[in-house]
Amino acid sequence: MSVRLAILSRGPRLYSTRRLVEEAEKRDCYVEVLDPMRLSITVGNDKPRILNSGWPVEVDAVIPRIGYSITHHGVALIRQFERLGIYVANSGDGISRSRDKLHATQLLTKNRIPVPTTCYVRTWQDVERALNQVGGMPIVIKVTEGTQGSGVFLVNSEDRARELTYKLLSEGHHVLVQEYIAESHGRDVRVLVVGGKVVAAMRRISRGNEFRSNFHLNGRVEKIDLPEEYGRVATRAARLLNLDVAGVDLLESDRGPLVLEVNSSPGLEGIEAASGVNVAGAIIEHCIANQGFSTTDIDQLLRSRPDHGVVSVSIDRHPVLNGKQIGDVFTEINEQVVFAIAREGSHIWKPRRTFTLRRGDEIICYGEIDKIHRQLEPWLTQALNEENVNPSTMEFSSDFF
């Protein structure tokens, strides 16, 4: 039985969409291009449905090609497909995160993935403080949502920075001030990641005085032998944002690769031409191999049990725990509430009770929230007494990594 594949796209004649259809048909898939704006959602106590002109959409896998202008509706559709147990190449949450440059940067830096220093500014008066944080002029000013290089500006004077920031804020944009990487001016590296693996890569180079290297801005592309470190950073970034198909843009800085942006709907024309790799074929193969599976929101799943949830404790915020073993902190032997330690951008799962904590670690716990709090409270109370720490800073975090 052939795999039923849907490509969500408003542009059936676009190169990327046509290539995906072509490769799907080569593999005897039943493939259909569906306009997301023509699909509707039905939710309720009965089985949820997605309708196309009144008829239910029944497919085995979905490849989203959702444009920025329809992100909200597109993400709603994808979440509905996910709730139906249908494999979607990029999750709804992954697309939402990647579209919000600030949120994406927050997630990447939390997991120690290198990025250019970035400041979120709320008024034009914040520009001076942001300049000090990112290393001075010149700077890059960008809006948190944009595509193909739109909403990104290179600014060389503080007066111009204030003026541009004021203009963008008055238009309702959220504004970022970002460090300018001089050695990477007018070029970047695009890495195409599929299923957690690097499929292809290229270097993009701008023309003339343009500092943005986007292919859609008439930039040129060239083949690149991707260094191992660049591939490792790209795959980690795509995985953390929960994207099975991603175009990860990296700046070639003196301190190594820096993630500039992660694109959840990467174009295929430039990278197929530059690399000579059948990227569309790799995406279809991945979807065929994974069409029997669907993603699960583990945080939501763990919270579904009454009184249970996930909490994290930072050793940097609670230094009294530095040097202690897990068994010293959580003394109830029959209840192993610690199921991971976040350390240096990776996770150590199900650590033993003899595992020694150190600065920079984050303890990730699951269980009855009240019991977790009771086991930790004596240590935090001790920290308050010994270090005279403001009690308002001694809080638990409910963030799930």
# chains A, B, ... in the order shown; residues from 1 in each chain; ligands from 1
>>> closest_atom_pairs(of="region 129-172 of chain A", to="region 100-114 of chain A", cutoff="10 Å", atoms="only C-alpha atoms", output="JSON lines")
{"residue": "A:Lys142", "atom": "CA", "partner": "A:Lys101", "partner_atom": "CA", "distance": 9.2}
{"residue": "A:Val143", "atom": "CA", "partner": "A:Lys101", "partner_atom": "CA", "distance": 8.1}
{"residue": "A:Thr144", "atom": "CA", "partner": "A:Lys101", "partner_atom": "CA", "distance": 4.8}
{"residue": "A:Glu145", "atom": "CA", "partner": "A:Asp100", "partner_atom": "CA", "distance": 5.6}
{"residue": "A:Gly146", "atom": "CA", "partner": "A:Lys101", "partner_atom": "CA", "distance": 8.6}
>>> residues_around(residues="region 53-56 of chain A", least_positions_apart="6", cutoff="12 Å", atoms="only C-alpha atoms", output="MDAnalysis selection string")
chainID A and resid 34:42 47 81 84
>>> write_last_selection(atoms="C-alpha atoms", output="JSON list (two decimals), in the first residue's frame")
[["chain", "number", "residue", "atom", "x", "y", "z"],
["A", 34, "LEU", "CA", -3.12, 21.15, -0.07],
["A", 35, "ASP", "CA", -3.61, 24.87, 0.37],
["A", 36, "PRO", "CA", -3.61, 25.42, 4.15],
["A", 37, "MET", "CA", -6.05, 28.31, 3.80],
["A", 38, "ARG", "CA", -8.63, 25.98, 2.26],
["A", 39, "LEU", "CA", -8.51, 23.52, 5.15],
["A", 40, "SER", "CA", -10.74, 23.77, 8.20],
["A", 41, "ILE", "CA", -10.58, 22.23, 11.66],
["A", 42, "THR", "CA", -13.31, 20.52, 13.66],
["A", 47, "LYS", "CA", -12.88, 12.51, 16.88],
["A", 81, "PHE", "CA", -2.68, 16.56, 12.46],
["A", 84, "LEU", "CA", -4.78, 12.72, 15.01]]
>>> residues_around(residues="region 7-15 of chain A", least_positions_apart="3", cutoff="12 Å", atoms="only C-alpha atoms", output="ChimeraX atom specification")
/A:4,18-22,24,29-39,52,57,59-71,73-75,77-78,81,88-90,265-273,280,283-284,287
>>> select_by_dssp(residues="region 184-398 of chain A", states="strand (DSSP E or B)", output="PyMOL selection string")
chain A and resi 187-194+197-205+220-223+243+245-253+256-263+308-314+325+338-343+346-349+356+362-368+397
>>> closest_residue(among="A:Gly92, A:Gly219, A:Val121, A:Ala246", to="Leu192 (chain A)", atoms="only C-alpha atoms")
A:Ala246
>>> residues_around(residues="Val277 (chain A)", least_positions_apart="6", cutoff="10 Å", atoms="only C-alpha atoms", output="PyMOL selection string")
chain A and resi 199-201+271
>>> atom_distance(atom1="CA of Tyr87 (chain A)", atom2="CA of Ile50 (chain A)")
14.4 Å
>>> residues_around(residues="Gly360 (chain A)", least_positions_apart="5", cutoff="7 Å", atoms="only C-alpha atoms", output="PyMOL selection string")
chain A and resi 315-316+343
>>> atom_distance(atom1="CA of Arg255 (chain A)", atom2="CA of Glu362 (chain A)")
25.9 Å
>>> residues_around(residues="Arg203 (chain A)", least_positions_apart="5", cutoff="8 Å", atoms="only C-alpha atoms", output="JSON, numbers by chain")
{"A": [187, 188, 189, 190, 221, 222, 223, 224]}
>>> select_by_dssp(residues="region 143-320 of chain A", states="alpha helix (DSSP H)", output="number ranges by chain")
A: 158-170, 228-240, 269-275, 279-290, 298-303
>>> closest_atom_pairs(of="region 154-197 of chain A", to="region 131-136 of chain A", cutoff="8 Å", atoms="only C-alpha atoms", output="Markdown table")
| residue | atom | partner | partner_atom | distance |
| --- | --- | --- | --- | --- |
| A:Val177 | CA | A:Leu131 | CA | 7.8 |
| A:Gln178 | CA | A:Val134 | CA | 6.4 |
| A:Glu179 | CA | A:Val134 | CA | 4.8 |
| A:Tyr180 | CA | A:Val134 | CA | 8.0 |
>>> atom_distance(atom1="CA of Glu228 (chain A)", atom2="CA of Gly256 (chain A)")
11.3 Å
>>> closest_residue(among="A:Arg352, A:Lys371, A:Arg317, A:Arg129", to="Ala161 (chain A)", atoms="only C-alpha atoms")
A:Arg129
>>> closest_residue(among="A:Ala289, A:Val279, A:Pro319, A:Cys365", to="Ser16 (chain A)", atoms="only C-alpha atoms")
A:Val279
>>> closest_residue(among="A:Tyr366, A:Trp379, A:Trp349, A:Phe339", to="Leu301 (chain A)", atoms="only C-alpha atoms")
A:Tyr366
>>> decode(residues="region 58-117 of chain A", atoms="C-alpha atoms", output="compact mmCIF listing (two decimals), in the first residue's frame")
# COMPACT_ATOMS: atom_id res chain seq x y z
CA GLU A 58 -6.90 11.26 5.40
CA VAL A 59 -3.14 10.98 5.00
CA ASP A 60 -0.18 9.13 6.55
CA ALA A 61 2.35 11.96 6.65
CA VAL A 62 2.44 15.73 6.22
CA ILE A 63 5.20 18.05 5.00
CA PRO A 64 4.43 21.64 6.04
CA ARG A 65 5.54 24.47 3.76
CA ILE A 66 3.93 27.20 5.85
CA GLY A 67 4.70 30.83 4.98
CA TYR A 68 5.19 33.53 7.61
CA SER A 69 1.94 35.29 6.74
CA ILE A 70 -0.19 32.25 7.65
CA THR A 71 1.86 30.95 10.58
CA HIS A 72 -1.02 31.06 13.10
CA HIS A 73 -3.47 29.13 10.92
CA GLY A 74 -0.77 26.78 9.64
CA VAL A 75 0.42 25.88 13.13
CA ALA A 76 -3.18 25.22 14.23
CA LEU A 77 -3.57 22.77 11.34
CA ILE A 78 -0.32 21.01 12.13
CA ARG A 79 -1.26 20.60 15.79
CA GLN A 80 -4.52 19.04 14.68
CA PHE A 81 -2.68 16.56 12.46
CA GLU A 82 -0.44 15.74 15.42
CA ARG A 83 -3.45 15.09 17.65
CA LEU A 84 -4.78 12.72 15.01
CA GLY A 85 -1.57 10.67 15.36
CA ILE A 86 -0.31 11.63 11.89
CA TYR A 87 3.40 12.14 11.35
CA VAL A 88 4.28 15.78 10.55
CA ALA A 89 7.80 16.57 9.37
CA ASN A 90 7.92 19.72 11.50
CA SER A 91 5.88 20.05 14.67
CA GLY A 92 3.59 22.98 15.31
CA ASP A 93 5.60 24.02 18.34
CA GLY A 94 8.83 23.73 16.36
CA ILE A 95 7.54 26.06 13.65
CA SER A 96 6.29 28.57 16.23
CA ARG A 97 9.64 28.59 18.01
CA SER A 98 11.66 29.00 14.83
CA ARG A 99 9.46 31.85 13.62
CA ASP A 100 10.08 33.84 16.80
CA LYS A 101 13.78 34.75 16.63
CA LEU A 102 13.90 35.79 20.28
CA HIS A 103 12.28 32.59 21.54
CA ALA A 104 14.52 30.46 19.33
CA THR A 105 17.62 32.27 20.60
CA GLN A 106 16.50 31.80 24.21
CA LEU A 107 16.12 28.04 23.69
CA LEU A 108 19.45 27.71 21.91
CA THR A 109 21.44 29.66 24.49
CA LYS A 110 19.81 27.75 27.36
CA ASN A 111 21.33 24.63 25.79
CA ARG A 112 24.71 26.28 25.16
CA ILE A 113 24.44 26.51 21.41
CA PRO A 114 26.53 29.49 20.26
CA VAL A 115 24.69 32.50 18.84
CA PRO A 116 25.58 36.17 18.26
CA THR A 117 24.95 38.28 21.37
